[in-house]
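Here the structure is laid out as structure tokens; the discussion comes afterwards.
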Amino acid sequence: SSFSALEIAADISRSAARVVNVSPSIPWVLPRWIPTVQPLQSASTDSATVTILPADLSLYQRKQPYPNIPETTSLTPESCRKRHQYLQSLVGHKQRQSPLGEPTNWEEPPFVAISDEYLDLVREGKVEVVHGRLVGVDEDGTLQISDIETTGSDKPQSHCSVLSDIDTVLLGTGYTSQLHDVLSPDILSKLAYDPDDSFSPMTLAWDTLHPSLPNLAFCGMYR
């Protein structure tokens with residue numbers, strides 16, 4: 001997931017010679033603490049107070065008291081744009097001026113990641129950002145990256161590029177592993193991987209290692 005990938009990239013940049021973050025989507029990267037400005041409720045003054053809240057408390061606030069909030073089952077393009085505008089106001093210009101950039105399609109629901117260090121590390125060049133999706137790993141360790149672009153006909157066109165001199169690959173797969181899209185049938189057979197088992201798709205030592213694959217480790221595979 002984008003959240004875990006950004007946190008891991010920021011953490012390992014302290015010791016790794018090179019960190020490359022391959023990202024198929026662009027999240028809004030928020031700090032852990034968000035300042036909010038609230039006007040004072042007084043007729044004699046127009047001053048305001050600044051409150052610094054954890055990101056979750058700042059994001060999950062009701063604008064109207066319950067039960068006056070209408071039920072929402074899906075997001076409209078307009079509601080998505082409002083969410084993007086709000087998140088942009090929290091981030092400021094830091095993300096726009098970084099190689100990560102900002103999300104381009106504001107009619108789709110936004111993704112959010114939280115990190116105090118990631119954007120600064122990207123701007124300093126300590127974390128490289130590659131926009132695309134990992135589609136394959138060659139025998140020599142070269143990574144195949146699919147970069148999807150939109151042409152004038154609004155049809156997505158896929159272009160492949162490569163990343164070389166990579167020693168270790170960390171895959172942030174989110175809540176659904178989909179390892180059958182990444183690993184070879186031979187490796188999946190050794191793991192006895194069951195893609196239909198969302199609870200425990202394979203049995204591992206300490207939920208992390210398999211004795212037949214000493215150079216491969218997993219995290220979070222057991223729900």
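Chain identifiers are assigned as A, B, and so on, following the order in which chains appear in the structure tokens; residues are numbered from 1 within each chain, and ligands are numbered from 1 in order of appearance.
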request  = Run DSSP on the backbone of this structure and report the residues of stretch 5-216 of chain A it assigns to strand (DSSP E), as a ChimeraX atom specification.
outcome  = /A:20-23,28-30,33-39,48-54,112-114,128-131,133-137,143-150,156-163
query = So what do you get for atom CA of A:Ser15 versus atom CA of A:Asp165, distance-wise?
reply = 16.6 Å
request  = Find the residue from A:Thr142, A:Ser200, A:Thr51, A:Ser74 that sits nearest to A:Gln38; use only C-alpha atoms when measuring.
outcome  = A:Thr51
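If you measure from each of A:Cys80, A:Val122, A:Leu53, A:Leu30 to A:Pro110 using only C-alpha atoms, the closest one turns out to be A:Cys80.
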task = Would you list the contacts of A:Leu57 as a list in words, taking every protein, DNA or RNA residue within 10 Å and counting only C-alpha atoms, but skipping same-chain residues closer than 5 positions in sequence?
result =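 What passes the distance filter is Trp33, Ile34 and Ile52 of chain A.
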request  = For A:Ser79, please output as a VMD selection string all residues within 10 Å (counting only C-alpha atoms; exclusion window: fewer than 6 positions along the same chain).
outcome  = chain A and resid 85 106 to 109
